file entry_14.txt (compact mmCIF, C-alpha atoms)
# COMPACT_ATOMS: atom_id res chain seq x y z
CA MET A 1 -73.02 73.99 -93.18
CA SER A 2 -74.59 76.81 -95.17
CA GLY A 3 -77.16 76.03 -97.85
CA ALA A 4 -74.82 77.21 -100.61
CA VAL A 5 -72.01 74.91 -99.45
CA LEU A 6 -74.43 71.96 -99.24
CA VAL A 7 -75.65 72.60 -102.80
CA LEU A 8 -72.05 72.98 -104.06
CA ALA A 9 -70.89 69.79 -102.31
CA ALA A 10 -73.79 67.77 -103.73
CA PHE A 11 -73.27 69.37 -107.16
CA LEU A 12 -69.57 68.48 -107.39
CA ALA A 13 -69.98 64.96 -106.03
CA CYS A 14 -72.87 64.19 -108.36
CA ALA A 15 -71.17 65.80 -111.40
CA VAL A 16 -68.33 63.28 -111.13
CA GLU A 17 -70.75 60.34 -111.15
CA MET A 18 -72.76 61.85 -114.00
CA VAL A 19 -69.67 62.26 -116.19
CA GLU A 20 -68.93 58.54 -115.84
CA ALA A 21 -72.52 57.44 -116.53
CA THR A 22 -72.82 59.79 -119.51
CA THR A 23 -69.60 58.45 -121.05
CA ILE A 24 -71.06 54.94 -121.10
CA VAL A 25 -74.38 56.06 -122.63
CA LEU A 26 -72.58 58.13 -125.29
CA ALA A 27 -70.29 55.23 -126.21
CA VAL A 28 -73.21 52.83 -126.62
CA GLY A 29 -75.42 55.37 -128.40
CA VAL A 30 -72.79 56.36 -130.99
CA THR A 31 -72.09 52.75 -131.96
CA ARG A 32 -75.53 51.08 -131.72
CA GLY A 33 -78.05 53.85 -132.13
CA TRP A 34 -79.67 56.01 -129.51
CA ARG A 35 -83.08 54.43 -128.87
CA SER A 36 -82.07 51.44 -126.72
CA PRO A 37 -79.39 53.10 -124.57
CA LEU A 38 -81.65 56.07 -123.92
CA LEU A 39 -84.46 53.69 -122.91
CA GLY A 40 -81.93 51.88 -120.68
CA ALA A 41 -80.87 55.16 -119.09
CA GLY A 42 -84.54 56.09 -118.61
CA ALA A 43 -85.35 52.72 -117.01
CA ALA A 44 -82.37 53.10 -114.67
CA THR A 45 -83.63 56.54 -113.67
CA VAL A 46 -87.07 55.10 -112.84
CA ALA A 47 -85.43 52.32 -110.80
CA LEU A 48 -83.38 54.93 -108.95
CA VAL A 49 -86.48 56.94 -108.11
CA VAL A 50 -88.01 53.80 -106.58
CA VAL A 51 -84.84 53.07 -104.56
CA ILE A 52 -84.66 56.64 -103.32
CA GLY A 53 -88.36 56.56 -102.44
CA VAL A 54 -87.86 53.39 -100.38
CA LEU A 55 -84.55 54.26 -98.73
CA GLY A 56 -85.12 57.97 -98.14
CA PRO A 57 -87.81 57.74 -95.48
CA ALA A 58 -86.05 54.76 -93.85
CA LEU A 59 -82.83 56.75 -93.51
CA VAL A 60 -84.64 59.74 -92.00
CA GLN A 61 -86.38 57.49 -89.42
CA LEU A 62 -83.06 56.21 -88.08
CA PRO A 63 -81.68 57.70 -84.83
CA ILE A 64 -79.44 60.61 -85.80
CA ASP A 65 -76.29 59.27 -84.11
CA ALA A 66 -76.66 55.85 -85.73
CA LEU A 67 -77.23 57.60 -89.04
CA ARG A 68 -74.11 59.72 -88.56
CA ILE A 69 -71.99 56.67 -87.74
CA VAL A 70 -73.18 54.59 -90.70
CA VAL A 71 -73.36 57.22 -93.43
CA GLY A 72 -70.42 59.22 -92.08
CA GLY A 73 -68.35 56.04 -91.95
CA LEU A 74 -69.33 55.15 -95.52
CA LEU A 75 -68.60 58.68 -96.76
CA LEU A 76 -65.25 58.60 -94.98
CA THR A 77 -64.44 55.26 -96.61
CA PHE A 78 -65.49 56.50 -100.08
CA GLY A 79 -63.67 59.80 -99.55
CA LEU A 80 -60.40 58.18 -98.49
CA GLN A 81 -60.59 55.84 -101.51
CA TRP A 82 -61.18 58.79 -103.87
CA LEU A 83 -58.41 60.79 -102.25
CA ARG A 84 -55.94 57.90 -102.50
CA LYS A 85 -56.62 57.51 -106.22
CA ALA A 86 -56.47 61.27 -106.84
CA VAL A 87 -53.16 61.51 -104.97
CA LEU A 88 -51.73 58.55 -106.90
CA ARG A 89 -52.78 60.13 -110.20
CA ALA A 90 -51.40 63.55 -109.31
CA GLY A 91 -48.18 61.91 -108.10
CA GLY A 92 -47.71 60.03 -111.37
CA TYR A 93 -48.44 56.60 -109.85
CA LYS A 94 -51.71 55.99 -111.66
CA ALA A 95 -52.88 56.91 -115.14
CA LEU A 96 -55.07 60.00 -115.28
CA HIS A 97 -58.70 59.00 -115.72
CA ASP A 98 -58.84 59.40 -119.48
CA GLU A 99 -62.44 59.61 -120.69
CA ASP A 100 -61.26 59.24 -124.30
CA ALA A 101 -59.63 55.90 -123.45
CA ILE A 102 -62.74 54.75 -121.59
CA PHE A 103 -64.88 55.77 -124.55
CA GLN A 104 -62.70 53.77 -126.95
CA GLU A 105 -62.78 50.73 -124.62
CA GLU A 106 -66.57 50.87 -124.46
CA VAL A 107 -66.79 51.24 -128.25
CA ALA A 108 -64.44 48.26 -128.80
CA LEU A 109 -66.45 46.14 -126.34
CA VAL A 110 -69.73 46.99 -128.01
CA GLU A 111 -68.38 46.28 -131.51
CA GLN A 112 -67.02 42.89 -130.36
CA GLU A 113 -70.47 41.86 -129.17
CA GLY A 114 -71.89 42.45 -132.64
CA GLY A 115 -75.59 42.77 -133.38
CA ALA A 116 -76.73 39.30 -132.26
CA ARG A 117 -78.67 40.56 -129.26
CA VAL A 118 -81.19 42.64 -131.14
CA ARG A 119 -84.75 41.39 -130.55
CA GLN A 120 -88.06 42.94 -131.61
CA GLY A 121 -86.47 46.27 -132.49
CA MET A 122 -84.84 46.53 -129.10
CA ASP A 123 -81.07 46.22 -128.68
CA TRP A 124 -81.00 44.62 -125.23
CA TYR A 125 -77.23 44.67 -125.00
CA ALA A 126 -77.14 48.45 -125.50
CA PHE A 127 -80.11 48.77 -123.12
CA THR A 128 -78.37 46.74 -120.40
CA LEU A 129 -75.06 48.55 -120.77
CA ALA A 130 -76.71 51.94 -120.41
CA PHE A 131 -78.97 50.72 -117.59
CA LYS A 132 -76.05 49.29 -115.61
CA GLY A 133 -73.90 52.38 -116.00
CA VAL A 134 -76.63 54.86 -115.13
CA PHE A 135 -78.02 52.77 -112.27
CA LEU A 136 -74.68 52.16 -110.55
CA GLU A 137 -73.51 55.76 -110.85
CA GLY A 138 -76.99 57.03 -110.03
CA LEU A 139 -77.04 54.92 -106.87
CA GLU A 140 -73.95 56.78 -105.71
CA VAL A 141 -75.62 60.10 -106.54
CA ALA A 142 -78.71 59.04 -104.54
CA PHE A 143 -76.52 58.02 -101.63
CA ILE A 144 -74.70 61.36 -101.65
CA VAL A 145 -77.97 63.33 -101.79
CA LEU A 146 -79.60 61.32 -99.00
CA THR A 147 -76.59 61.41 -96.69
CA PHE A 148 -75.71 65.06 -97.24
CA GLY A 149 -79.39 66.02 -97.09
CA THR A 150 -80.43 64.04 -94.04
CA ASN A 151 -77.35 65.00 -92.03
CA GLU A 152 -77.94 68.69 -92.65
CA GLY A 153 -81.73 68.41 -92.55
CA HIS A 154 -82.11 69.76 -96.09
CA ILE A 155 -82.63 66.92 -98.55
CA GLY A 156 -84.21 69.47 -100.90
CA LEU A 157 -81.01 71.53 -101.14
CA ALA A 158 -78.84 68.46 -101.73
CA ALA A 159 -81.32 67.32 -104.39
CA ILE A 160 -81.08 70.76 -106.05
CA GLY A 161 -77.28 70.41 -106.20
CA ALA A 162 -77.59 66.91 -107.68
CA ALA A 163 -80.26 67.96 -110.17
CA ALA A 164 -78.12 70.90 -111.26
CA ALA A 165 -75.20 68.51 -111.84
CA VAL A 166 -77.41 66.20 -113.91
CA VAL A 167 -78.67 69.12 -116.02
CA VAL A 168 -75.22 70.68 -116.50
CA VAL A 169 -73.51 67.40 -117.48
CA ALA A 170 -76.41 66.47 -119.77
CA ILE A 171 -76.25 69.87 -121.49
CA VAL A 172 -72.48 69.57 -121.87
CA ALA A 173 -72.91 66.03 -123.27
CA VAL A 174 -75.46 67.23 -125.83
CA ILE A 175 -73.30 70.20 -126.85
CA VAL A 176 -69.99 68.36 -127.26
CA HIS A 177 -71.69 65.10 -128.26
CA ALA A 178 -68.41 63.31 -127.65
CA PRO A 179 -66.39 61.92 -124.74
CA LEU A 180 -66.19 64.27 -121.80
CA SER A 181 -62.44 64.40 -121.71
CA ARG A 182 -62.43 68.19 -121.40
CA VAL A 183 -63.68 67.95 -117.84
CA PRO A 184 -60.60 68.02 -115.57
CA GLU A 185 -61.74 64.90 -113.81
CA ASN A 186 -58.87 64.36 -111.41
CA THR A 187 -59.14 67.91 -110.10
CA LEU A 188 -62.85 67.35 -109.58
CA LYS A 189 -62.25 64.00 -107.91
CA PHE A 190 -59.56 65.49 -105.68
CA SER A 191 -62.01 68.16 -104.49
CA VAL A 192 -64.84 65.68 -104.00
CA GLY A 193 -62.55 63.25 -102.18
CA LEU A 194 -61.54 66.03 -99.79
CA MET A 195 -65.16 67.01 -99.20
CA LEU A 196 -66.41 63.45 -98.66
CA THR A 197 -63.52 62.71 -96.31
CA SER A 198 -64.01 65.91 -94.30
CA PHE A 199 -67.79 65.53 -93.95
CA GLY A 200 -67.49 61.79 -93.31
CA ALA A 201 -64.81 62.26 -90.65
CA PHE A 202 -66.89 64.88 -88.86
CA TRP A 203 -70.26 63.11 -89.01
CA SER A 204 -69.01 59.64 -88.12
CA THR A 205 -66.97 60.82 -85.12
CA GLU A 206 -69.84 63.02 -83.88
CA GLY A 207 -72.01 59.92 -84.10
CA VAL A 208 -69.71 58.02 -81.71
CA GLY A 209 -69.73 60.94 -79.25
CA VAL A 210 -66.66 62.98 -80.20
CA LYS A 211 -67.02 66.74 -79.47
CA TRP A 212 -65.21 68.90 -82.04
CA PRO A 213 -63.77 72.32 -81.17
CA GLY A 214 -65.82 74.91 -83.07
CA SER A 215 -68.57 72.37 -83.81
CA ASP A 216 -69.48 72.43 -87.56
CA ALA A 217 -66.61 74.84 -88.30
CA ALA A 218 -64.29 71.89 -87.65
CA ILE A 219 -65.30 70.54 -91.10
CA ALA A 220 -63.33 73.41 -92.70
CA GLY A 221 -60.36 72.56 -90.48
CA LEU A 222 -60.58 68.90 -91.51
CA PHE A 223 -60.72 69.96 -95.18
CA VAL A 224 -57.51 71.99 -94.79
CA LEU A 225 -55.84 69.16 -92.86
CA PHE A 226 -56.63 66.52 -95.50
CA LEU A 227 -55.67 68.96 -98.29
CA ALA A 228 -52.28 69.61 -96.67
CA VAL A 229 -51.59 65.90 -96.12
CA SER A 230 -52.72 65.04 -99.67
CA MET A 231 -50.51 67.72 -101.24
CA GLY A 232 -47.60 66.49 -99.14
CA LEU A 233 -48.22 62.95 -100.38
CA VAL A 234 -48.37 64.14 -104.02
CA LYS A 235 -45.05 65.91 -103.59
CA PHE A 236 -43.55 62.83 -101.94
CA LEU A 237 -44.72 60.54 -104.75
CA GLN A 238 -43.45 62.88 -107.46
CA THR A 239 -40.01 63.00 -105.79
CA ARG A 240 -39.99 59.23 -105.25
CA SER A 241 -41.01 58.59 -108.85
CA THR A 242 -38.25 60.85 -110.18
CA ARG A 243 -35.66 59.27 -107.89
CA LEU A 244 -36.61 55.73 -108.95
CA ALA A 245 -36.56 56.73 -112.63
CA THR A 246 -33.04 58.13 -112.40
CA ALA A 247 -31.66 55.32 -110.19
CA MET B 1 -75.73 35.56 -105.00
CA LYS B 2 -71.96 35.77 -105.50
CA ALA B 3 -72.41 38.69 -107.90
CA PHE B 4 -74.68 40.40 -105.34
CA PHE B 5 -72.06 40.24 -102.60
CA ARG B 6 -69.33 41.19 -105.07
CA PHE B 7 -71.28 44.32 -106.02
CA TRP B 8 -71.71 45.46 -102.42
CA TYR B 9 -68.11 44.60 -101.53
CA ASP B 10 -66.86 46.69 -104.47
CA PHE B 11 -69.33 49.47 -103.68
CA ILE B 12 -68.44 49.80 -99.99
CA VAL B 13 -64.93 48.41 -99.50
CA GLY B 14 -63.45 49.33 -102.90
CA ASP B 15 -59.95 48.27 -103.86
CA ASP B 16 -58.20 48.74 -100.51
CA TRP B 17 -59.77 46.83 -97.62
CA VAL B 18 -57.34 48.49 -95.20
CA VAL B 19 -59.28 51.76 -95.52
CA ALA B 20 -62.63 50.15 -94.62
CA VAL B 21 -61.18 48.17 -91.70
CA GLY B 22 -59.17 51.21 -90.59
CA VAL B 23 -62.26 53.45 -90.53
CA VAL B 24 -64.10 50.96 -88.30
CA ALA B 25 -61.09 50.73 -85.95
CA VAL B 26 -60.63 54.51 -85.81
CA LEU B 27 -64.31 55.04 -84.97
CA GLY B 28 -64.26 52.30 -82.33
CA ILE B 29 -61.27 53.81 -80.54
CA ALA B 30 -62.75 57.32 -80.91
CA ALA B 31 -65.94 56.07 -79.21
CA VAL B 32 -63.92 54.66 -76.30
CA LEU B 33 -61.92 57.91 -75.96
CA ALA B 34 -65.05 60.06 -76.16
CA GLY B 35 -66.72 57.89 -73.51
CA ALA B 36 -63.72 58.38 -71.23
CA GLY B 37 -63.86 62.15 -71.71
CA ALA B 38 -60.59 62.31 -73.69
CA ALA B 39 -59.99 64.44 -76.80
CA GLY B 40 -61.34 62.00 -79.35
CA TRP B 41 -61.12 64.63 -82.11
CA LEU B 42 -57.34 64.76 -81.79
CA TRP B 43 -57.13 60.99 -82.18
CA ALA B 44 -59.48 61.15 -85.15
CA CYS B 45 -57.32 63.75 -86.94
CA VAL B 46 -54.10 61.80 -86.42
CA ALA B 47 -55.59 58.37 -87.17
CA MET B 48 -57.54 59.38 -90.29
CA THR B 49 -54.65 61.21 -91.91
CA GLY B 50 -52.45 58.26 -90.92
CA LEU B 51 -54.91 55.95 -92.67
CA LEU B 52 -54.67 58.02 -95.87
CA VAL B 53 -50.85 57.97 -95.72
CA LEU B 54 -50.84 54.20 -95.11
CA SER B 55 -53.22 53.52 -98.00
CA VAL B 56 -51.24 55.68 -100.44
CA TRP B 57 -47.98 54.14 -99.25
CA ARG B 58 -49.29 50.60 -99.79
CA ALA B 59 -50.45 51.46 -103.31
CA ALA B 60 -47.16 53.19 -104.20
CA ARG B 61 -45.10 50.28 -102.88
CA ALA B 62 -47.20 47.77 -104.84
CA HIS B 63 -46.75 49.96 -107.96
CA ASP B 64 -42.95 50.10 -107.54
CA ARG B 65 -42.72 46.31 -107.14
CA ARG B 66 -44.40 45.74 -110.51

call {"tool": "encode", "arguments": {"input": "entry_14.txt", "output": "structure tokens"}}
result
Amino acid sequence: MSGAVLVLAAFLACAVEMVEATTIVLAVGVTRGWRSPLLGAGAATVALVVVIGVLGPALVQLPIDALRIVVGGLLLTFGLQWLRKAVLRAGGYKALHDEDAIFQEEVALVEQEGGARVRQGMDWYAFTLAFKGVFLEGLEVAFIVLTFGTNEGHIGLAAIGAAAAVVVVAIVAVIVHAPLSRVPENTLKFSVGLMLTSFGAFWSTEGVGVKWPGSDAAIAGLFVLFLAVSMGLVKFLQTRSTRLATA
Amino acid sequence: MKAFFRFWYDFIVGDDWVVAVGVVAVLGIAAVLAGAGAAGWLWACVAMTGLLVLSVWRAARAHDRR
């Protein structure tokens, strides 16, 4: 994989996670003030740095084939899950991931909790909400960076892609200062699902000893294959949905 | 402890266990085929796309039943 493709893959995958984490922080910040959720997001970032520091070297020390099987298998599993949801959304079988709706749900949840959990100037509920959201989504970002980076031998490039995604989404969040519903999330998720599935399929099968025609170029072939099957499934679901509606 | 396992189950397996189990089965059979010198890549292509179709089909069928 070329360096540019690695950076792009990490960028897209991490941008999706960042959009979700940022939505939570924005929702909490708008309703309960910015200090506590920003501190929560900061604490989650520190925790993530520690996790990456501990796991990164351990992952690199693993035998490469074992690494390919485990991380490739996980990426394949994540990718197929993402693809299934993206196909169902595009086929009209699942609601489009509406960031406005998520924002309103988060706001309603926060308002229900009231202000009882404010202690010593710190709103621990807002802190925890932001921490949880950023940590969980950030863990997925860390996983993507480590797996993409270690498999290709360029953790630095994958980290650049992830860092760029963090910066871009943060800038967008500051500029719009509102839910990130303008990001075409399902299109992004469709692309990321295809990438994760293609890379995961290639790495995991190489790990168990499969020899692919064209070596790394087979990843592009896998991408096209999964794209074709996914588009076929979307078409099938749209037709099925229409037929059931008119029956 | 329950919450800990729940977190990792949701993180890795997600909302369709068939995908996770299917991936393990596909890789196991691919390893056997590769060890026997057969075209494991061909099996992988067919089985993985089949897994995607199966997962989407299960979700669509469950949706239509509701």

call {"tool": "interface_residues", "arguments": {"input": "entry_14.txt", "of": "chain A", "to": "chain B", "cutoff": "8 Å", "atoms": "only C-alpha atoms", "output": "PyMOL selection string"}}
result
chain A and resi 73-74+76-78+80-81+83-84+87-88+93+201+204-205+208-212+222+226+229+233+237

call {"tool": "closest_residue", "arguments": {"input": "entry_14.txt", "among": "A:Ala43, A:Gly3, A:Ala10, A:Arg32", "to": "Gly161 (chain A)", "atoms": "only C-alpha atoms"}}
result
A:Ala10

call {"tool": "atom_distance", "arguments": {"input": "entry_14.txt", "atom1": "CA of Thr150 (chain A)", "atom2": "CA of Leu227 (chain A)"}}
result
25.6 Å

call {"tool": "atom_distance", "arguments": {"input": "entry_14.txt", "atom1": "CA of Val5 (chain A)", "atom2": "CA of Val46 (chain A)"}}
result
28.3 Å

call {"tool": "atom_distance", "arguments": {"input": "entry_14.txt", "atom1": "CA of Ala126 (chain A)", "atom2": "CA of Ala3 (chain B)"}}
result
20.7 Å

call {"tool": "closest_residue", "arguments": {"input": "entry_14.txt", "among": "A:Lys189, A:Arg35, A:Lys132, A:Arg89", "to": "Val16 (chain A)", "atoms": "all atoms listed in the file"}}
result
A:Lys189

call {"tool": "residues_around", "arguments": {"input": "entry_14.txt", "residues": "Ala159 (chain A)", "least_positions_apart": "3", "cutoff": "12 Å", "atoms": "only C-alpha atoms", "output": "count of residues only"}}
result
30

call {"tool": "axis_aligned_box", "arguments": {"input": "entry_14.txt", "around": "region 188-192 of chain A", "padding_each_side": "5 Å", "output": "JSON"}}
result
{"center_x": -62.2, "center_y": 66.1, "center_z": -106.8, "size_x": 15.3, "size_y": 14.2, "size_z": 15.6}

call {"tool": "residues_around", "arguments": {"input": "entry_14.txt", "residues": "Phe190 (chain A)", "least_positions_apart": "4", "cutoff": "7 Å", "atoms": "only C-alpha atoms", "output": "ChimeraX atom specification"}}
result
/A:83,86,186,194
